[in-house]
Every structure is written in structure tokens, then in C-alpha cells.
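Okay, my_file-v3.pdb now, which holds PDB, C-alpha atoms:
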ATOM      1  CA  MET H   1     -39.357  41.902  -1.034
ATOM      2  CA  GLU H   2     -41.567  39.405   0.724
ATOM      3  CA  LEU H   3     -41.823  35.680   0.373
ATOM      4  CA  SER H   4     -45.317  34.300   0.535
ATOM      5  CA  SER H   5     -46.086  31.210   2.538
ATOM      6  CA  ASN H   6     -47.454  29.557  -0.607
ATOM      7  CA  SER H   7     -44.087  29.467  -2.349
ATOM      8  CA  GLN H   8     -42.527  26.048  -2.440
ATOM      9  CA  CYS H   9     -38.827  25.401  -2.594
ATOM     10  CA  LYS H  10     -37.700  22.233  -4.265
ATOM     11  CA  PHE H  11     -34.368  20.918  -3.183
ATOM     12  CA  HIS H  12     -32.543  18.282  -5.108
ATOM     13  CA  LYS H  13     -30.606  15.754  -3.137
ATOM     14  CA  VAL H  14     -26.966  16.037  -4.118
ATOM     15  CA  GLU H  15     -25.225  12.707  -4.259
ATOM     16  CA  GLU H  16     -22.049  12.614  -2.261
ATOM     17  CA  ARG H  17     -19.156  11.732  -4.526
ATOM     18  CA  GLN H  18     -16.427   9.329  -3.611
ATOM     19  CA  ASN H  19     -12.943  10.725  -3.144
ATOM     20  CA  TRP H  20      -9.467   9.270  -3.262
ATOM     21  CA  GLY H  21      -7.953   8.641   0.156
ATOM     22  CA  LYS H  22      -4.544  10.093  -0.751
ATOM     23  CA  LYS H  23      -3.121  11.986  -3.712
ATOM     24  CA  MET H  24      -0.547   9.230  -4.233
ATOM     25  CA  GLU H  25      -3.338   6.671  -4.776
ATOM     26  CA  PHE H  26      -4.793   8.859  -7.496
ATOM     27  CA  MET H  27      -1.437   9.357  -9.207
ATOM     28  CA  LEU H  28      -0.640   5.621  -9.159
ATOM     29  CA  ALA H  29      -4.068   4.809 -10.593
ATOM     30  CA  ILE H  30      -3.585   7.335 -13.410
ATOM     31  CA  ILE H  31      -0.088   6.061 -14.184
ATOM     32  CA  GLY H  32      -1.310   2.466 -14.172
ATOM     33  CA  TYR H  33      -4.158   3.391 -16.504
ATOM     34  CA  ALA H  34      -1.905   5.260 -18.927
ATOM     35  CA  VAL H  35       1.176   3.026 -18.970
ATOM     36  CA  GLY H  36       0.064  -0.528 -18.376
ATOM     37  CA  LEU H  37       2.276  -3.486 -17.511
ATOM     38  CA  GLY H  38       2.968  -4.406 -21.158
ATOM     39  CA  ASN H  39       4.725  -1.100 -21.805
ATOM     40  CA  VAL H  40       6.905  -1.473 -18.722
ATOM     41  CA  TRP H  41       8.298  -4.772 -20.000
ATOM     42  CA  ARG H  42       8.430  -3.817 -23.682
ATOM     43  CA  PHE H  43       9.939  -0.317 -23.409
ATOM     44  CA  PRO H  44      13.514  -1.348 -22.395
ATOM     45  CA  TYR H  45      13.575  -3.948 -25.164
ATOM     46  CA  LEU H  46      12.503  -1.416 -27.808
ATOM     47  CA  CYS H  47      15.039   1.121 -26.497
ATOM     48  CA  PHE H  48      17.796  -1.441 -26.912
ATOM     49  CA  ARG H  49      16.711  -2.325 -30.469
ATOM     50  CA  SER H  50      16.189   1.296 -31.576
ATOM     51  CA  GLY H  51      19.505   2.783 -30.579
ATOM     52  CA  GLY H  52      19.495   2.872 -26.789
ATOM     53  CA  GLY H  53      19.660   6.271 -25.138
ATOM     54  CA  ALA H  54      19.152   8.224 -28.350
ATOM     55  CA  PHE H  55      15.542   7.058 -28.334
ATOM     56  CA  LEU H  56      14.949   8.448 -24.843
ATOM     57  CA  ILE H  57      15.539  12.083 -25.870
ATOM     58  CA  PRO H  58      12.601  12.362 -28.334
ATOM     59  CA  PHE H  59      10.507  10.136 -26.050
ATOM     60  CA  PHE H  60      10.796  12.494 -23.090
ATOM     61  CA  ILE H  61      10.353  15.583 -25.289
ATOM     62  CA  MET H  62       7.080  14.203 -26.670
ATOM     63  CA  LEU H  63       6.028  13.079 -23.199
ATOM     64  CA  ILE H  64       6.445  16.607 -21.832
ATOM     65  CA  LEU H  65       4.987  18.421 -24.863
ATOM     66  CA  CYS H  66       2.078  16.095 -25.705
ATOM     67  CA  GLY H  67       1.574  13.285 -23.210
ATOM     68  CA  ILE H  68       1.230  15.174 -19.943
ATOM     69  CA  PRO H  69      -1.027  17.976 -21.310
ATOM     70  CA  LEU H  70      -3.320  15.438 -23.022
ATOM     71  CA  ALA H  71      -3.570  13.328 -19.862
ATOM     72  CA  TYR H  72      -4.415  16.452 -17.859
ATOM     73  CA  MET H  73      -7.036  17.471 -20.425
ATOM     74  CA  GLU H  74      -8.627  14.022 -20.320
ATOM     75  CA  MET H  75      -8.842  14.147 -16.516
ATOM     76  CA  ALA H  76     -10.314  17.663 -16.590
ATOM     77  CA  VAL H  77     -12.966  16.730 -19.162
ATOM     78  CA  GLY H  78     -13.862  13.615 -17.171
ATOM     79  CA  GLN H  79     -14.236  15.588 -13.948
ATOM     80  CA  TYR H  80     -16.246  18.332 -15.657
ATOM     81  CA  THR H  81     -18.735  15.975 -17.324
ATOM     82  CA  ARG H  82     -18.668  13.269 -14.623
ATOM     83  CA  GLN H  83     -18.795  10.633 -17.350
ATOM     84  CA  GLY H  84     -16.503   8.234 -19.143
ATOM     85  CA  PRO H  85     -14.654   9.071 -22.371
ATOM     86  CA  ILE H  86     -17.509   8.293 -24.776
ATOM     87  CA  GLY H  87     -20.189  10.041 -22.729
ATOM     88  CA  ALA H  88     -17.932  13.044 -22.106
ATOM     89  CA  ILE H  89     -17.292  13.660 -25.797
ATOM     90  CA  GLY H  90     -21.023  13.321 -26.511
ATOM     91  CA  LYS H  91     -21.835  15.813 -23.779
ATOM     92  CA  LEU H  92     -19.215  18.364 -24.914
ATOM     93  CA  CYS H  93     -20.016  18.114 -28.601
ATOM     94  CA  PRO H  94     -23.499  16.716 -29.401
ATOM     95  CA  PHE H  95     -22.429  16.279 -33.045
ATOM     96  CA  PHE H  96     -20.430  13.196 -31.950
ATOM     97  CA  LYS H  97     -23.409  11.406 -30.341
TER      98      LYS H  97
END
Conversion result in C-alpha cells:
Amino acid sequence: MELSSNSQCKFHKVEERQNWGKKMEFMLAIIGYAVGLGNVWRFPYLCFRSGGGAFLIPFFIMLILCGIPLAYMEMAVGQYTRQGPIGAIGKLCPFFK
């Protein structure tokens, strides 16, 4: 197999992506995005009004069963498509464009 001198190779310049400096920075940014300051102040008040510690049991069960897997899925879809939430859904399923 021989390559002729007339063949032209086209190379695309790959943009270098920015990275997080440390894993802890990434985790704090994700937690801040998901929780928000309003929930930090409001959550203890709602726990007190709704029965105290009894509310924490279903909260942590739903957090483990639904919250963490959905957050991981959202991060994976965002990294795969390299777009925000609206653009990512449009890229995965063109029906939603």
C-alpha cells in the first residue's frame, strides 16, 4: 500500500479544553449548583416543622436512590455533548429541538 504525494491530509485543530484545578473544586461547584444557599437556610426550618428527624430518613433514601444518579447522569450527558442542558437534550434526541 503506497501513499501518493498528491494526497492531502486535512487536520482539524482541536481546541484545548479547560480543566478543573482540583477535584475538590469540581465537587464544591457541583454541590453549589445543585443545593443553592436558599436550601441550606430553609432545610433545617422545614425539618423542624415537618417532624424533625423523621423527615431525614425518606430524604436521604431519595437522595441516594434518585438524586445522586440523576446528578451523575446530567454531568455525563453534559460532558458527552459538550453543551448546556437545552443543547444536550436537542443533540441526544432531535425530536426535542
Item to check | Length of the CA of Glu25 (chain H) to CA of Glu74 (chain H) vector [Å] | outcome: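 CA of Glu74 (chain H) lies 18.0 Å from CA of Glu25 (chain H).
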Checklist entry - Taking only C-alpha atoms into account, which of H:Ile61, H:Ala71, H:Val77, H:Ile31 comes nearest Gly90 (chain H)? => result H:Val77
Next on the checklist: Report as a ChimeraX atom specification all protein, DNA and RNA residues lying within 12 Å of Phe59 (chain H), evaluated on only C-alpha atoms, omitting residues in the same chain fewer than 6 positions from it.
Outcome noted: /H:43,46-47,50,52-53,65-67
Checklist entry - Between CA of Ala34 (chain H) and CA of Ile68 (chain H), what is the distance, to one decimal in Å? => result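 Interatomic distance, CA of Ala34 (chain H) to CA of Ile68 (chain H): 10.4 Å.
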Could you give me the axis-aligned bounding box of region 46-55 of chain H, with 8 Å of padding per side, as centre plus edge lengths in Å to one decimal, as lines of an AutoDock Vina configuration file?
center_x = 16.1
center_y = 2.9
center_z = -28.4
size_x = 23.2
size_y = 26.5
size_z = 22.4
Polymer residues at most 12 Å from region 85-87 of chain H, only C-alpha atoms, same-chain spacing of 5 or more positions, as a PDB file with C-alpha atoms, in the coordinates of the input:
ATOM      1  CA  MET H  73      -7.036  17.471 -20.425  1.00  0.00           C
ATOM      2  CA  GLU H  74      -8.627  14.022 -20.320  1.00  0.00           C
ATOM      3  CA  MET H  75      -8.842  14.147 -16.516  1.00  0.00           C
ATOM      4  CA  ALA H  76     -10.314  17.663 -16.590  1.00  0.00           C
ATOM      5  CA  VAL H  77     -12.966  16.730 -19.162  1.00  0.00           C
ATOM      6  CA  GLY H  78     -13.862  13.615 -17.171  1.00  0.00           C
ATOM      7  CA  GLN H  79     -14.236  15.588 -13.948  1.00  0.00           C
ATOM      8  CA  TYR H  80     -16.246  18.332 -15.657  1.00  0.00           C
ATOM      9  CA  LEU H  92     -19.215  18.364 -24.914  1.00  0.00           C
ATOM     10  CA  CYS H  93     -20.016  18.114 -28.601  1.00  0.00           C
ATOM     11  CA  PRO H  94     -23.499  16.716 -29.401  1.00  0.00           C
ATOM     12  CA  PHE H  96     -20.430  13.196 -31.950  1.00  0.00           C
ATOM     13  CA  LYS H  97     -23.409  11.406 -30.341  1.00  0.00           C
TER      14      LYS H  97
END
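CA of Gly51 (chain H) is found 29.1 Å from CA of Ile30 (chain H).
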Please rebuild region 19-47 of chain H with N, CA and C atoms and give the result as a PDB file, keeping the file's coordinate frame.
ATOM      1  N   ASN H  19     -14.225  10.047  -2.988  1.00  0.00           N
ATOM      2  CA  ASN H  19     -12.943  10.725  -3.144  1.00  0.00           C
ATOM      3  C   ASN H  19     -11.817   9.723  -2.940  1.00  0.00           C
ATOM      4  N   TRP H  20     -10.660  10.071  -3.495  1.00  0.00           N
ATOM      5  CA  TRP H  20      -9.467   9.270  -3.262  1.00  0.00           C
ATOM      6  C   TRP H  20      -8.991   9.524  -1.838  1.00  0.00           C
ATOM      7  N   GLY H  21      -8.453   8.500  -1.202  1.00  0.00           N
ATOM      8  CA  GLY H  21      -7.953   8.641   0.156  1.00  0.00           C
ATOM      9  C   GLY H  21      -6.714   9.525   0.223  1.00  0.00           C
ATOM     10  N   LYS H  22      -5.790   9.327  -0.711  1.00  0.00           N
ATOM     11  CA  LYS H  22      -4.544  10.093  -0.751  1.00  0.00           C
ATOM     12  C   LYS H  22      -4.258  10.493  -2.189  1.00  0.00           C
ATOM     13  N   LYS H  23      -3.486  11.542  -2.361  1.00  0.00           N
ATOM     14  CA  LYS H  23      -3.121  11.986  -3.712  1.00  0.00           C
ATOM     15  C   LYS H  23      -2.244  10.952  -4.408  1.00  0.00           C
ATOM     16  N   MET H  24      -1.428  10.236  -3.641  1.00  0.00           N
ATOM     17  CA  MET H  24      -0.547   9.230  -4.233  1.00  0.00           C
ATOM     18  C   MET H  24      -1.360   8.079  -4.833  1.00  0.00           C
ATOM     19  N   GLU H  25      -2.480   7.707  -4.215  1.00  0.00           N
ATOM     20  CA  GLU H  25      -3.338   6.671  -4.776  1.00  0.00           C
ATOM     21  C   GLU H  25      -3.875   7.089  -6.135  1.00  0.00           C
ATOM     22  N   PHE H  26      -4.281   8.335  -6.232  1.00  0.00           N
ATOM     23  CA  PHE H  26      -4.793   8.859  -7.496  1.00  0.00           C
ATOM     24  C   PHE H  26      -3.712   8.841  -8.568  1.00  0.00           C
ATOM     25  N   MET H  27      -2.525   9.310  -8.229  1.00  0.00           N
ATOM     26  CA  MET H  27      -1.437   9.357  -9.207  1.00  0.00           C
ATOM     27  C   MET H  27      -1.050   7.952  -9.677  1.00  0.00           C
ATOM     28  N   LEU H  28      -0.984   6.992  -8.770  1.00  0.00           N
ATOM     29  CA  LEU H  28      -0.640   5.621  -9.159  1.00  0.00           C
ATOM     30  C   LEU H  28      -1.722   5.002 -10.035  1.00  0.00           C
ATOM     31  N   ALA H  29      -2.985   5.318  -9.753  1.00  0.00           N
ATOM     32  CA  ALA H  29      -4.068   4.809 -10.593  1.00  0.00           C
ATOM     33  C   ALA H  29      -3.996   5.400 -11.999  1.00  0.00           C
ATOM     34  N   ILE H  30      -3.693   6.689 -12.097  1.00  0.00           N
ATOM     35  CA  ILE H  30      -3.585   7.335 -13.410  1.00  0.00           C
ATOM     36  C   ILE H  30      -2.395   6.784 -14.187  1.00  0.00           C
ATOM     37  N   ILE H  31      -1.275   6.612 -13.519  1.00  0.00           N
ATOM     38  CA  ILE H  31      -0.088   6.061 -14.184  1.00  0.00           C
ATOM     39  C   ILE H  31      -0.351   4.628 -14.642  1.00  0.00           C
ATOM     40  N   GLY H  32      -0.982   3.841 -13.795  1.00  0.00           N
ATOM     41  CA  GLY H  32      -1.310   2.466 -14.172  1.00  0.00           C
ATOM     42  C   GLY H  32      -2.271   2.406 -15.340  1.00  0.00           C
ATOM     43  N   TYR H  33      -3.209   3.336 -15.388  1.00  0.00           N
ATOM     44  CA  TYR H  33      -4.158   3.391 -16.504  1.00  0.00           C
ATOM     45  C   TYR H  33      -3.449   3.788 -17.799  1.00  0.00           C
ATOM     46  N   ALA H  34      -2.554   4.740 -17.724  1.00  0.00           N
ATOM     47  CA  ALA H  34      -1.905   5.260 -18.927  1.00  0.00           C
ATOM     48  C   ALA H  34      -0.795   4.349 -19.436  1.00  0.00           C
ATOM     49  N   VAL H  35      -0.009   3.777 -18.551  1.00  0.00           N
ATOM     50  CA  VAL H  35       1.176   3.026 -18.970  1.00  0.00           C
ATOM     51  C   VAL H  35       0.853   1.560 -19.218  1.00  0.00           C
ATOM     52  N   GLY H  36       0.342   0.893 -18.231  1.00  0.00           N
ATOM     53  CA  GLY H  36       0.064  -0.528 -18.376  1.00  0.00           C
ATOM     54  C   GLY H  36       1.319  -1.358 -18.187  1.00  0.00           C
ATOM     55  N   LEU H  37       1.147  -2.605 -17.798  1.00  0.00           N
ATOM     56  CA  LEU H  37       2.276  -3.486 -17.511  1.00  0.00           C
ATOM     57  C   LEU H  37       3.022  -3.890 -18.776  1.00  0.00           C
ATOM     58  N   GLY H  38       2.326  -4.028 -19.899  1.00  0.00           N
ATOM     59  CA  GLY H  38       2.968  -4.406 -21.158  1.00  0.00           C
ATOM     60  C   GLY H  38       4.021  -3.405 -21.598  1.00  0.00           C
ATOM     61  N   ASN H  39       3.752  -2.123 -21.412  1.00  0.00           N
ATOM     62  CA  ASN H  39       4.725  -1.100 -21.805  1.00  0.00           C
ATOM     63  C   ASN H  39       5.942  -1.093 -20.903  1.00  0.00           C
ATOM     64  N   VAL H  40       5.766  -1.447 -19.641  1.00  0.00           N
ATOM     65  CA  VAL H  40       6.905  -1.473 -18.722  1.00  0.00           C
ATOM     66  C   VAL H  40       7.899  -2.546 -19.145  1.00  0.00           C
ATOM     67  N   TRP H  41       7.408  -3.701 -19.578  1.00  0.00           N
ATOM     68  CA  TRP H  41       8.298  -4.772 -20.000  1.00  0.00           C
ATOM     69  C   TRP H  41       8.834  -4.536 -21.412  1.00  0.00           C
ATOM     70  N   ARG H  42       8.044  -3.960 -22.287  1.00  0.00           N
ATOM     71  CA  ARG H  42       8.430  -3.817 -23.682  1.00  0.00           C
ATOM     72  C   ARG H  42       9.331  -2.604 -23.939  1.00  0.00           C
ATOM     73  N   PHE H  43       9.196  -1.545 -23.157  1.00  0.00           N
ATOM     74  CA  PHE H  43       9.939  -0.317 -23.409  1.00  0.00           C
ATOM     75  C   PHE H  43      11.456  -0.504 -23.373  1.00  0.00           C
ATOM     76  N   PRO H  44      12.045  -1.163 -22.365  1.00  0.00           N
ATOM     77  CA  PRO H  44      13.514  -1.348 -22.395  1.00  0.00           C
ATOM     78  C   PRO H  44      13.991  -2.155 -23.608  1.00  0.00           C
ATOM     79  N   TYR H  45      13.210  -3.145 -24.006  1.00  0.00           N
ATOM     80  CA  TYR H  45      13.575  -3.948 -25.164  1.00  0.00           C
ATOM     81  C   TYR H  45      13.580  -3.101 -26.440  1.00  0.00           C
ATOM     82  N   LEU H  46      12.558  -2.270 -26.619  1.00  0.00           N
ATOM     83  CA  LEU H  46      12.503  -1.416 -27.808  1.00  0.00           C
ATOM     84  C   LEU H  46      13.588  -0.340 -27.783  1.00  0.00           C
ATOM     85  N   CYS H  47      13.928   0.157 -26.601  1.00  0.00           N
ATOM     86  CA  CYS H  47      15.039   1.121 -26.497  1.00  0.00           C
ATOM     87  C   CYS H  47      16.337   0.481 -26.965  1.00  0.00           C
TER      88      CYS H  47
END
